[in-house]
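*Asks:* Pasting a structure here, questions to come.
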Amino acid sequence: MIQHITKPFKYFFKLEAASGLVLLFAAILALIISNGSYSEIYFSTLEKYIILGTKEFGLKLSVLHWINDVLMAIFFFFVSLEIKREFIQGELSNPKQAMLPIIGAVGGMAVPALFYIVINYSDSTTLNGWAIPSATDIAFSLGVLSLLGKRVPVSLKVFLTALAIIDDLGAIVIIAFFYSGNIEIKYLILMLLSLIVLIGLNKFKVKNFIPFLIVGIFLWEFTHQSGIHATIAGVLLALTIPHNIKDSKQSMLLKLEHSLSPYVAFGIMPIFAFANAGVSLEGLTFNTLLNPVPLGIVLGLFFGKQIGVFVLSYLSVKFKLADKPTGSTWPAFYAVSILTGIGFTMSLFVGNLAFANNLEYMDGVKIGVLTGSLLSTLFGYFLLLISSKK
């Protein structure tokens with residue numbers, strides 16, 4: 001009886017589109033609550049501080065920072081495991097296969113940034129958000145592709161996945177170099193020592209994750225105190241996790257990736273979306289979108305992404321630097337290029353870092369990201385529907 005009742009739920013969570021749908025639901029719920037009678041409770045709860053440990057020896061963060069600094073460190077850990085696996089034995093391990101998504105990703109990061117810079121070049125404060133429209137949300141974009149089922153060739157799904165992974169790698173580099181605070185040398189040294197210990201655990205082929213986790217917690221604290229954004233600790237930890245290519249059953253990397261996947265997709269990402277997508281729409285007009293921050297983000301995500309990804313990918317195929325995805329047409333490929341403008345999770349995250357000291361711009365960031373992502377979703381989906389065969 002229980003198995004019969006739970007069967008639909010098991011099927012749902014196996015769907016590729018499921019995580020994107022849950023993410024969408026969380027974002028819509030945040031918008032409803034932040035504009036309803038519970039809006040004050042919503043925003044005040046995010047600002048409340050929670051202490052883990054004691055006042056003398058504990059970690060005191062607001063609810064929003066627990067989500068954006070701690071939970072997102074786990075998210076970055078998971079993403080970095082995925083990136084490492086792809087480069088070792090996945091789609092990115094073959095230079096010829098990797099070339100197209102790499103070139104497309106470079107265009108998809110550079111051109112949106114240029115759109116934003118052109119709109120905001122005269123204001124040094126808003127210019128700090130130049131990287132916001134440069135990321136692709138892998139869950140949302142793949143979710144849209146999956147809704148079309150067999151209409152979309154597998155090669156295009158592989159291309160979009162690889163491109164989104166490279167985008168994430170680019171975002172990690174941007175965060176590390178452009179959105180970190182004043183560096184504390186003492187904690188930077190402790191970070192380095194922690195990393196050396198982790199590398200040692202890898203070299204000595206330690207098979208238990210617990211030692212990695214313990215050192216990783218210290219690494220997170222040192223990173224948090226150093227001025228570098230705490231999520232980078234998740235990246236560094238992931239890079240030291242051993243991967244057994246010959247025997248996947250003995251690979252710590254694969255075990256962790258598979259174990260974390262449902263918690264990240266259906267836990268961390270929806271929580272992040274719920275906490276960060278809430279924005280008051282009171283007094284919102286079309287002119288609001290014409291403000292430099294939201295306008296730069298919308299143009300970057302919707303126009304910059306599709307132009308950057310498609311043009312550079314098209315040129316790389318024409319000049320025989322890469323191969324076009326098998327079984328795809330240029331209209332379908334262009335539609336997928338539009339879908340890369342679904343920025344959501346990473347764009348909101350970068351926005352939080354870009355305007356950490358200028359929170360008055362965050363409403364504009366959220367409006368711009370939501371609008372740009374929505375336009376990319378609708379236009380990309382319907383163009384795919386028209387251009388793809390049944």
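Note on naming: chains are A, B, ... as they come in the structure tokens, residues start from 1 per chain, ligands start from 1 in the order shown.
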Skip region 264-271 of chain A itself and residues of its chain fewer than 3 positions away, then list as a list in words all residues within 9 Å of it, counting only C-alpha atoms.

*Replies:*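 My reading of the contact set: Phe13, Ala18, Ser19, Gly20, Val22, Leu23, Leu24, Phe25, Ala26, Ala27, Ile67, Leu71, Met72, Ile74, Phe75, Phe78, Ala139, Leu260, Ser261, Phe274, Ala275, Asn276 and Thr345 of chain A.
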
*Asks:* Keeping N, CA and C atoms, export the residues of the selection given above as a JSON list (two decimals), in the first residue's frame.

*Replies:*
```json
[["chain", "number", "residue", "atom", "x", "y", "z"],
["A", 13, "PHE", "N", 10.63, 12.57, -8.56],
["A", 13, "PHE", "CA", 11.98, 12.96, -8.18],
["A", 13, "PHE", "C", 13.04, 12.36, -9.11],
["A", 18, "ALA", "N", 12.47, 17.77, -12.45],
["A", 18, "ALA", "CA", 11.93, 17.91, -11.11],
["A", 18, "ALA", "C", 12.61, 19.00, -10.30],
["A", 19, "SER", "N", 13.95, 19.01, -10.30],
["A", 19, "SER", "CA", 14.66, 20.00, -9.49],
["A", 19, "SER", "C", 14.36, 21.41, -9.97],
["A", 20, "GLY", "N", 14.25, 21.59, -11.30],
["A", 20, "GLY", "CA", 13.90, 22.90, -11.84],
["A", 20, "GLY", "C", 12.51, 23.33, -11.44],
["A", 22, "VAL", "N", 10.85, 22.32, -8.71],
["A", 22, "VAL", "CA", 10.87, 22.63, -7.27],
["A", 22, "VAL", "C", 11.48, 24.01, -7.04],
["A", 23, "LEU", "N", 12.54, 24.31, -7.79],
["A", 23, "LEU", "CA", 13.19, 25.62, -7.70],
["A", 23, "LEU", "C", 12.23, 26.73, -8.10],
["A", 24, "LEU", "N", 11.47, 26.50, -9.17],
["A", 24, "LEU", "CA", 10.49, 27.48, -9.64],
["A", 24, "LEU", "C", 9.41, 27.69, -8.59],
["A", 25, "PHE", "N", 8.92, 26.60, -7.99],
["A", 25, "PHE", "CA", 7.90, 26.70, -6.94],
["A", 25, "PHE", "C", 8.40, 27.51, -5.76],
["A", 26, "ALA", "N", 9.65, 27.28, -5.36],
["A", 26, "ALA", "CA", 10.24, 28.00, -4.22],
["A", 26, "ALA", "C", 10.32, 29.50, -4.50],
["A", 27, "ALA", "N", 10.71, 29.84, -5.75],
["A", 27, "ALA", "CA", 10.83, 31.25, -6.13],
["A", 27, "ALA", "C", 9.47, 31.94, -6.15],
["A", 67, "ILE", "N", 22.35, 30.48, 5.05],
["A", 67, "ILE", "CA", 21.97, 29.90, 3.75],
["A", 67, "ILE", "C", 23.02, 30.20, 2.69],
["A", 71, "LEU", "N", 25.18, 26.80, 3.57],
["A", 71, "LEU", "CA", 24.52, 25.85, 2.65],
["A", 71, "LEU", "C", 25.09, 25.96, 1.23],
["A", 72, "MET", "N", 25.39, 27.20, 0.82],
["A", 72, "MET", "CA", 25.91, 27.36, -0.54],
["A", 72, "MET", "C", 27.35, 26.86, -0.66],
["A", 74, "ILE", "N", 28.18, 24.03, 0.59],
["A", 74, "ILE", "CA", 27.90, 22.63, 0.25],
["A", 74, "ILE", "C", 27.52, 22.53, -1.22],
["A", 75, "PHE", "N", 26.73, 23.50, -1.69],
["A", 75, "PHE", "CA", 26.35, 23.55, -3.11],
["A", 75, "PHE", "C", 27.59, 23.65, -4.00],
["A", 78, "PHE", "N", 29.47, 20.41, -4.11],
["A", 78, "PHE", "CA", 28.82, 19.47, -5.02],
["A", 78, "PHE", "C", 29.12, 19.82, -6.47],
["A", 139, "ALA", "N", 19.87, 23.73, -13.27],
["A", 139, "ALA", "CA", 18.61, 23.03, -12.93],
["A", 139, "ALA", "C", 17.44, 23.55, -13.76],
["A", 260, "LEU", "N", 24.92, 13.44, -2.33],
["A", 260, "LEU", "CA", 24.54, 14.84, -2.13],
["A", 260, "LEU", "C", 23.51, 15.34, -3.13],
["A", 261, "SER", "N", 23.46, 14.71, -4.30],
["A", 261, "SER", "CA", 22.63, 15.20, -5.40],
["A", 261, "SER", "C", 21.18, 15.53, -5.00],
["A", 274, "PHE", "N", 14.12, 30.33, -2.16],
["A", 274, "PHE", "CA", 13.08, 30.89, -1.30],
["A", 274, "PHE", "C", 13.61, 32.09, -0.50],
["A", 275, "ALA", "N", 14.86, 32.01, -0.05],
["A", 275, "ALA", "CA", 15.43, 33.07, 0.77],
["A", 275, "ALA", "C", 15.88, 34.28, -0.04],
["A", 276, "ASN", "N", 16.19, 34.08, -1.32],
["A", 276, "ASN", "CA", 16.78, 35.16, -2.11],
["A", 276, "ASN", "C", 15.88, 35.73, -3.20],
["A", 345, "THR", "N", 19.81, 30.99, -9.94],
["A", 345, "THR", "CA", 20.55, 30.71, -8.69],
["A", 345, "THR", "C", 21.89, 31.43, -8.61]]
```

*Asks:* Within 8 Å of region 151-157 of chain A, counting only C-alpha atoms, which residues qualify if same-chain residues fewer than 2 places away don't, as a list in words?

*Replies:* Leu142, Leu145, Leu148, Gly149, Phe159, Leu160, Thr161, Pro325, Thr326, Gly327, Ser328, Phe333, Val336, Leu384, Leu385, Ser388, Lys389 and Lys390 of chain A

*Asks:* Would you output that residue set with C-alpha atoms, as a PDB file, in the first residue's frame?

*Replies:*
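Result saved to selection_9.pdb:
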```pdb
ATOM      1  CA  LEU A 142      17.857  21.474 -18.118  1.00  0.00           C
ATOM      2  CA  LEU A 145      14.823  20.982 -22.021  1.00  0.00           C
ATOM      3  CA  LEU A 148      10.276  18.741 -24.303  1.00  0.00           C
ATOM      4  CA  GLY A 149      11.315  15.108 -23.915  1.00  0.00           C
ATOM      5  CA  PHE A 159      26.089  20.578 -24.617  1.00  0.00           C
ATOM      6  CA  LEU A 160      23.909  22.627 -22.243  1.00  0.00           C
ATOM      7  CA  THR A 161      25.035  20.597 -19.218  1.00  0.00           C
ATOM      8  CA  PRO A 325      26.008  18.552 -31.606  1.00  0.00           C
ATOM      9  CA  THR A 326      24.905  15.379 -33.396  1.00  0.00           C
ATOM     10  CA  GLY A 327      21.337  15.433 -34.711  1.00  0.00           C
ATOM     11  CA  SER A 328      20.726  19.098 -33.899  1.00  0.00           C
ATOM     12  CA  PHE A 333      20.886  25.158 -31.142  1.00  0.00           C
ATOM     13  CA  VAL A 336      19.271  26.313 -26.423  1.00  0.00           C
ATOM     14  CA  LEU A 384      12.577  24.757 -29.330  1.00  0.00           C
ATOM     15  CA  LEU A 385       8.984  23.622 -29.599  1.00  0.00           C
ATOM     16  CA  SER A 388      12.384  20.518 -32.965  1.00  0.00           C
ATOM     17  CA  LYS A 389      10.821  17.464 -34.571  1.00  0.00           C
ATOM     18  CA  LYS A 390       8.276  15.277 -32.811  1.00  0.00           C
TER      19      LYS A 390
END
```

*Asks:* Report as a PyMOL selection string: the residues of region 222-330 of chain A with a DSSP assignment of alpha helix (DSSP H), based on the backbone of this structure.

*Replies:* chain A and resi 222-226+231-239+252-263+269-276+292-299+305-318+330

*Asks:* Find, counting only C-alpha atoms, the residue in A:Ile132, A:Leu195, A:Leu29, A:Leu289 that gets nearest to Leu239 (chain A).

*Replies:* A:Leu195

*Asks:* Residues at most 7 Å from region 44-52 of chain A, counting only C-alpha atoms, excluding those fewer than 3 positions away in the same chain, as a list in words?

*Replies:*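 Here the qualifying residues turn out to be Glu40, Ile41, Gly58, Leu59, Lys60, Leu61, Ser62, Val63 and Leu64 of chain A.
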
*Asks:* Residues at most 10 Å from Tyr334 (chain A), counting only C-alpha atoms, excluding those fewer than 2 positions away in the same chain, as a PDB file with C-alpha atoms, in the first residue's frame?

*Replies:*
```
ATOM      1  CA  GLN A 306      22.178  34.058 -26.563  1.00  0.00           C
ATOM      2  CA  ILE A 307      24.434  36.253 -28.714  1.00  0.00           C
ATOM      3  CA  VAL A 309      26.882  31.514 -26.830  1.00  0.00           C
ATOM      4  CA  PHE A 310      25.451  31.189 -30.335  1.00  0.00           C
ATOM      5  CA  VAL A 311      27.835  33.439 -32.287  1.00  0.00           C
ATOM      6  CA  SER A 313      29.725  28.434 -31.048  1.00  0.00           C
ATOM      7  CA  TYR A 314      28.658  28.966 -34.677  1.00  0.00           C
ATOM      8  CA  THR A 329      19.763  21.943 -36.212  1.00  0.00           C
ATOM      9  CA  TRP A 330      20.958  25.530 -35.987  1.00  0.00           C
ATOM     10  CA  PRO A 331      17.464  26.835 -34.981  1.00  0.00           C
ATOM     11  CA  ALA A 332      17.328  24.276 -32.157  1.00  0.00           C
ATOM     12  CA  VAL A 336      19.271  26.313 -26.423  1.00  0.00           C
ATOM     13  CA  SER A 337      21.526  29.391 -26.551  1.00  0.00           C
ATOM     14  CA  ILE A 338      18.533  31.453 -25.432  1.00  0.00           C
ATOM     15  CA  LEU A 339      17.956  29.058 -22.524  1.00  0.00           C
ATOM     16  CA  GLY A 380      13.830  29.449 -25.602  1.00  0.00           C
ATOM     17  CA  LEU A 383      11.505  28.298 -30.238  1.00  0.00           C
ATOM     18  CA  LEU A 384      12.577  24.757 -29.330  1.00  0.00           C
ATOM     19  CA  SER A 387      12.171  24.055 -34.369  1.00  0.00           C
TER      20      SER A 387
END
```

*Asks:* If you count only C-alpha atoms, which residues fall within 12 Å of Glu82 (chain A), apart from same-chain ones fewer than 5 positions away, as a ChimeraX atom specification?

*Replies:* /A:75-77,87-92,138,161-162,164-166,168-169,235,238-239,241,243,253-258,260-261

*Asks:* Assign secondary structure with DSSP using the backbone only, and return the residues of region 26-172 of chain A in strand (DSSP E) as a PyMOL selection string.

*Replies:* chain A and resi 49-53+58-62

*Asks:* For each of A:Ile342, A:Leu193, A:Ala73, A:Ala356, take the minimum atom-to-atom distance to Phe302 (chain A), counting only C-alpha atoms, then give the residue where this is smallest.

*Replies:*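 Selected residue with least distance to Phe302 (chain A): A:Ile342.
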